[in-house]
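Notes for the one structure printed next.
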Amino acid sequence: MRKHYIALAIAAALSGCASSRPLSSTERLTVVEGGNMLPPPGRGDLTAADRPALIGPLDTIQVDVFNVPELSREMQVDASGRIAMPLAGTIDARGKTAEELATVIETALRAKYVRSPGVTVNIKSSVSQVVTIDGQVIEPGLYPVTNEMTLMRVIASAKGLAEFARQEDVVILRTVGNRRMAGLYNVAAIRQGAYDDPAVFANDVIVVGDSPQRRLFRDIVSLSPILAAPLIAIVQ
């Protein structure tokens, strides 16, 4: 009788770990089969859509003033998002692109009678443009955001899903216009091409859910490996 109950528990656990369906073509996805090669991408396919990089607290920037080279320097934005430069004074850099900040510095230098300052700004390293991933991934933490950052890329940066990850329960938390929003995503469906891999932005928080069925299956296998052996073979 005890073995009967264990078998039922294993069956229930396996129902939550069912294998995904094979890929098939849809309106959103073309599947190439029969050993045929995928066509090469075009130049436009290899170029990510431009996403402005914004300067934030503790970022490191390089400021070059061509007509006044002694003003050129590498500097770190302070915790309040400001920088301080000779002649230009204290400037709020937070939330500006490199080009916007360069324009502000030029205006400040011209006000101090610097002729044609010619300022360029480059972001050397950013600690403010990051996404947080937590929950059932191998390495939770903070990861830098790039133009091409998506949910699957963040998961890959975190070394992939952990043993007990629930693929259909992945949440992206985001603040839009001071309103907290959440999107629920299914990683398995994204892998199947059911819908696009969603873009991820700075300050997003990604939480990968926990699968009780996977934990139950692990516990059952550890308690009764002989009974579970044929079912493990089926799962594999």
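Letters for chains follow the order of the structure tokens (A, B, ...), residue numbers begin at 1 for each chain, and ligand numbers begin at 1 in the order shown.
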
Q: Quick one: pick out all strand (DSSP E) residues within region 20-233 of chain A from a backbone DSSP run and write them as a ChimeraX atom specification.
A: /A:60-65,73-76,82-85,89-92,119-125,130-135,141-144,165-176,179-185,205-210

Q: Pick out the residues sitting within 9 Å of Val200 (chain A), and hand them over as a list in words; count only C-alpha atoms, and ignore anything fewer than 4 positions along from it in its own chain.
A: Val131, Val145, Glu148, Met149, Thr150, Leu151, Val154, Ile172 and Asp204 of chain A

File of the preceding selection, N, CA and C atoms, as a compact mmCIF listing (two decimals), in the first residue's frame:
# COMPACT_ATOMS: atom_id res chain seq x y z
N VAL A 131 19.68 45.26 -14.26
CA VAL A 131 18.44 44.53 -14.01
C VAL A 131 18.71 43.53 -12.89
N VAL A 145 22.48 46.21 -18.25
CA VAL A 145 21.50 46.24 -19.34
C VAL A 145 22.17 46.78 -20.60
N GLU A 148 20.41 45.07 -26.35
CA GLU A 148 19.79 43.82 -26.76
C GLU A 148 19.26 43.00 -25.58
N MET A 149 19.17 43.58 -24.41
CA MET A 149 18.81 42.79 -23.25
C MET A 149 17.35 42.33 -23.30
N THR A 150 17.17 41.02 -23.13
CA THR A 150 15.83 40.42 -23.10
C THR A 150 15.74 39.48 -21.90
N LEU A 151 14.55 38.95 -21.67
CA LEU A 151 14.36 38.04 -20.54
C LEU A 151 15.28 36.82 -20.65
N VAL A 154 18.90 37.66 -19.87
CA VAL A 154 19.16 37.84 -18.44
C VAL A 154 19.25 36.48 -17.74
N ILE A 172 8.21 39.77 -14.52
CA ILE A 172 9.02 40.97 -14.67
C ILE A 172 8.28 42.11 -13.98
N ASP A 204 14.39 46.91 -13.96
CA ASP A 204 13.44 45.80 -13.92
C ASP A 204 13.88 44.80 -12.86

Q: Find the distance between CA of Glu70 (chain A) and CA of Val119 (chain A) and write it in Å to one decimal.
A: 12.4 Å

Q | Spatial neighbours of region 60-68 of chain A, max dist 10 Å, only C-alpha atoms, sep filter under 3 positions, as a PyMOL selection string | A | chain A and resi 55-57+71-78+83+85+98+101-102+105-106+109+114-127

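With CA of Ile133 (chain A) on one side and CA of Arg180 (chain A) on the other, the separation reads 16.8 Å.
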
Q. Quick one: residues within 12 Å of Asp134 (chain A), only C-alpha atoms counted, chain neighbours fewer than 3 positions away excluded, as a ChimeraX atom specification?
A. /A:131,137-143,154-155,158,160-162,165,170-173,204-210

Q: Just list the residues in region 40-221 of chain A DSSP gives alpha helix (DSSP H) on the backbone, as a PyMOL selection string.
A: chain A and resi 98-111+151-157+187-191+212-221

Store the residues picked out above, limited to N, CA and C atoms, as an mmCIF file, in the first residue's frame.
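The resulting selection35.cif:
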data_model
loop_
_atom_site.group_PDB
_atom_site.id
_atom_site.type_symbol
_atom_site.label_atom_id
_atom_site.label_comp_id
_atom_site.auth_asym_id
_atom_site.auth_seq_id
_atom_site.Cartn_x
_atom_site.Cartn_y
_atom_site.Cartn_z
ATOM 1 N N ALA A 98 24.723 60.605 -22.898
ATOM 2 C CA ALA A 98 26.047 61.206 -23.012
ATOM 3 C C ALA A 98 26.000 62.471 -23.866
ATOM 4 N N GLU A 99 25.226 62.450 -24.947
ATOM 5 C CA GLU A 99 25.114 63.613 -25.817
ATOM 6 C C GLU A 99 24.433 64.780 -25.098
ATOM 7 N N GLU A 100 23.397 64.493 -24.346
ATOM 8 C CA GLU A 100 22.699 65.555 -23.610
ATOM 9 C C GLU A 100 23.605 66.185 -22.559
ATOM 10 N N LEU A 101 24.366 65.365 -21.859
ATOM 11 C CA LEU A 101 25.271 65.905 -20.846
ATOM 12 C C LEU A 101 26.360 66.753 -21.493
ATOM 13 N N ALA A 102 26.863 66.324 -22.639
ATOM 14 C CA ALA A 102 27.878 67.103 -23.344
ATOM 15 C C ALA A 102 27.341 68.485 -23.700
ATOM 16 N N THR A 103 26.089 68.547 -24.121
ATOM 17 C CA THR A 103 25.475 69.838 -24.470
ATOM 18 C C THR A 103 25.362 70.737 -23.243
ATOM 19 N N VAL A 104 24.979 70.151 -22.099
ATOM 20 C CA VAL A 104 24.863 70.928 -20.873
ATOM 21 C C VAL A 104 26.221 71.477 -20.444
ATOM 22 N N ILE A 105 27.264 70.659 -20.539
ATOM 23 C CA ILE A 105 28.615 71.101 -20.164
ATOM 24 C C ILE A 105 29.089 72.215 -21.103
ATOM 25 N N GLU A 106 28.848 72.045 -22.392
ATOM 26 C CA GLU A 106 29.225 73.090 -23.348
ATOM 27 C C GLU A 106 28.559 74.420 -23.002
ATOM 28 N N THR A 107 27.268 74.377 -22.696
ATOM 29 C CA THR A 107 26.536 75.600 -22.346
ATOM 30 C C THR A 107 27.131 76.249 -21.101
ATOM 31 N N ALA A 108 27.469 75.414 -20.101
ATOM 32 C CA ALA A 108 28.041 75.953 -18.857
ATOM 33 C C ALA A 108 29.416 76.573 -19.115
ATOM 34 N N LEU A 109 30.221 75.957 -19.992
ATOM 35 C CA LEU A 109 31.553 76.504 -20.286
ATOM 36 C C LEU A 109 31.460 77.801 -21.094
ATOM 37 N N ARG A 110 30.522 77.850 -22.020
ATOM 38 C CA ARG A 110 30.353 79.091 -22.789
ATOM 39 C C ARG A 110 29.951 80.246 -21.874
ATOM 40 N N ALA A 111 29.164 79.935 -20.838
ATOM 41 C CA ALA A 111 28.758 80.976 -19.885
ATOM 42 C C ALA A 111 29.959 81.525 -19.119
ATOM 43 N N LEU A 151 14.552 38.953 -21.668
ATOM 44 C CA LEU A 151 14.360 38.039 -20.543
ATOM 45 C C LEU A 151 15.275 36.824 -20.653
ATOM 46 N N MET A 152 15.348 36.211 -21.831
ATOM 47 C CA MET A 152 16.164 35.009 -21.981
ATOM 48 C C MET A 152 17.645 35.316 -21.833
ATOM 49 N N ARG A 153 18.078 36.502 -22.248
ATOM 50 C CA ARG A 153 19.481 36.875 -22.096
ATOM 51 C C ARG A 153 19.833 37.087 -20.627
ATOM 52 N N VAL A 154 18.902 37.659 -19.870
ATOM 53 C CA VAL A 154 19.159 37.839 -18.437
ATOM 54 C C VAL A 154 19.254 36.481 -17.745
ATOM 55 N N ILE A 155 18.359 35.571 -18.091
ATOM 56 C CA ILE A 155 18.399 34.231 -17.504
ATOM 57 C C ILE A 155 19.715 33.546 -17.853
ATOM 58 N N ALA A 156 20.168 33.706 -19.104
ATOM 59 C CA ALA A 156 21.450 33.122 -19.500
ATOM 60 C C ALA A 156 22.598 33.762 -18.727
ATOM 61 N N SER A 157 22.534 35.091 -18.495
ATOM 62 C CA SER A 157 23.578 35.767 -17.717
ATOM 63 C C SER A 157 23.636 35.217 -16.297
ATOM 64 N N VAL A 187 8.666 30.836 -19.872
ATOM 65 C CA VAL A 187 9.948 30.630 -20.561
ATOM 66 C C VAL A 187 9.862 29.474 -21.553
ATOM 67 N N ALA A 188 9.149 28.417 -21.172
ATOM 68 C CA ALA A 188 9.013 27.277 -22.080
ATOM 69 C C ALA A 188 8.310 27.692 -23.368
ATOM 70 N N ALA A 189 7.290 28.555 -23.255
ATOM 71 C CA ALA A 189 6.567 29.026 -24.442
ATOM 72 C C ALA A 189 7.457 29.908 -25.306
ATOM 73 N N ILE A 190 8.291 30.728 -24.677
ATOM 74 C CA ILE A 190 9.228 31.563 -25.444
ATOM 75 C C ILE A 190 10.209 30.678 -26.203
ATOM 76 N N ARG A 191 10.688 29.631 -25.556
ATOM 77 C CA ARG A 191 11.623 28.710 -26.209
ATOM 78 C C ARG A 191 10.971 28.003 -27.388
ATOM 79 N N PRO A 212 6.826 23.371 -6.825
ATOM 80 C CA PRO A 212 6.671 22.370 -5.770
ATOM 81 C C PRO A 212 6.721 20.945 -6.309
ATOM 82 N N GLN A 213 6.235 20.743 -7.571
ATOM 83 C CA GLN A 213 6.242 19.387 -8.136
ATOM 84 C C GLN A 213 7.665 18.857 -8.301
ATOM 85 N N ARG A 214 8.563 19.724 -8.744
ATOM 86 C CA ARG A 214 9.949 19.290 -8.917
ATOM 87 C C ARG A 214 10.592 18.947 -7.568
ATOM 88 N N ARG A 215 10.279 19.751 -6.563
ATOM 89 C CA ARG A 215 10.811 19.459 -5.231
ATOM 90 C C ARG A 215 10.262 18.135 -4.716
ATOM 91 N N LEU A 216 8.953 17.890 -4.917
ATOM 92 C CA LEU A 216 8.338 16.653 -4.472
ATOM 93 C C LEU A 216 8.971 15.452 -5.165
ATOM 94 N N PHE A 217 9.188 15.589 -6.472
ATOM 95 C CA PHE A 217 9.792 14.491 -7.219
ATOM 96 C C PHE A 217 11.196 14.194 -6.704
ATOM 97 N N ARG A 218 11.983 15.243 -6.427
ATOM 98 C CA ARG A 218 13.333 15.041 -5.902
ATOM 99 C C ARG A 218 13.291 14.325 -4.563
ATOM 100 N N ASP A 219 12.349 14.752 -3.708
ATOM 101 C CA ASP A 219 12.245 14.133 -2.381
ATOM 102 C C ASP A 219 11.835 12.667 -2.476
ATOM 103 N N ILE A 220 10.903 12.376 -3.407
ATOM 104 C CA ILE A 220 10.443 10.994 -3.556
ATOM 105 C C ILE A 220 11.575 10.106 -4.069
ATOM 106 N N VAL A 221 12.323 10.607 -5.024
ATOM 107 C CA VAL A 221 13.441 9.835 -5.576
ATOM 108 C C VAL A 221 14.477 9.544 -4.494
#

Q | Straight-line distance linking CA of Asn186 (chain A) with CA of Val31 (chain A), stated in Å to one decimal | A | 19.9 Å
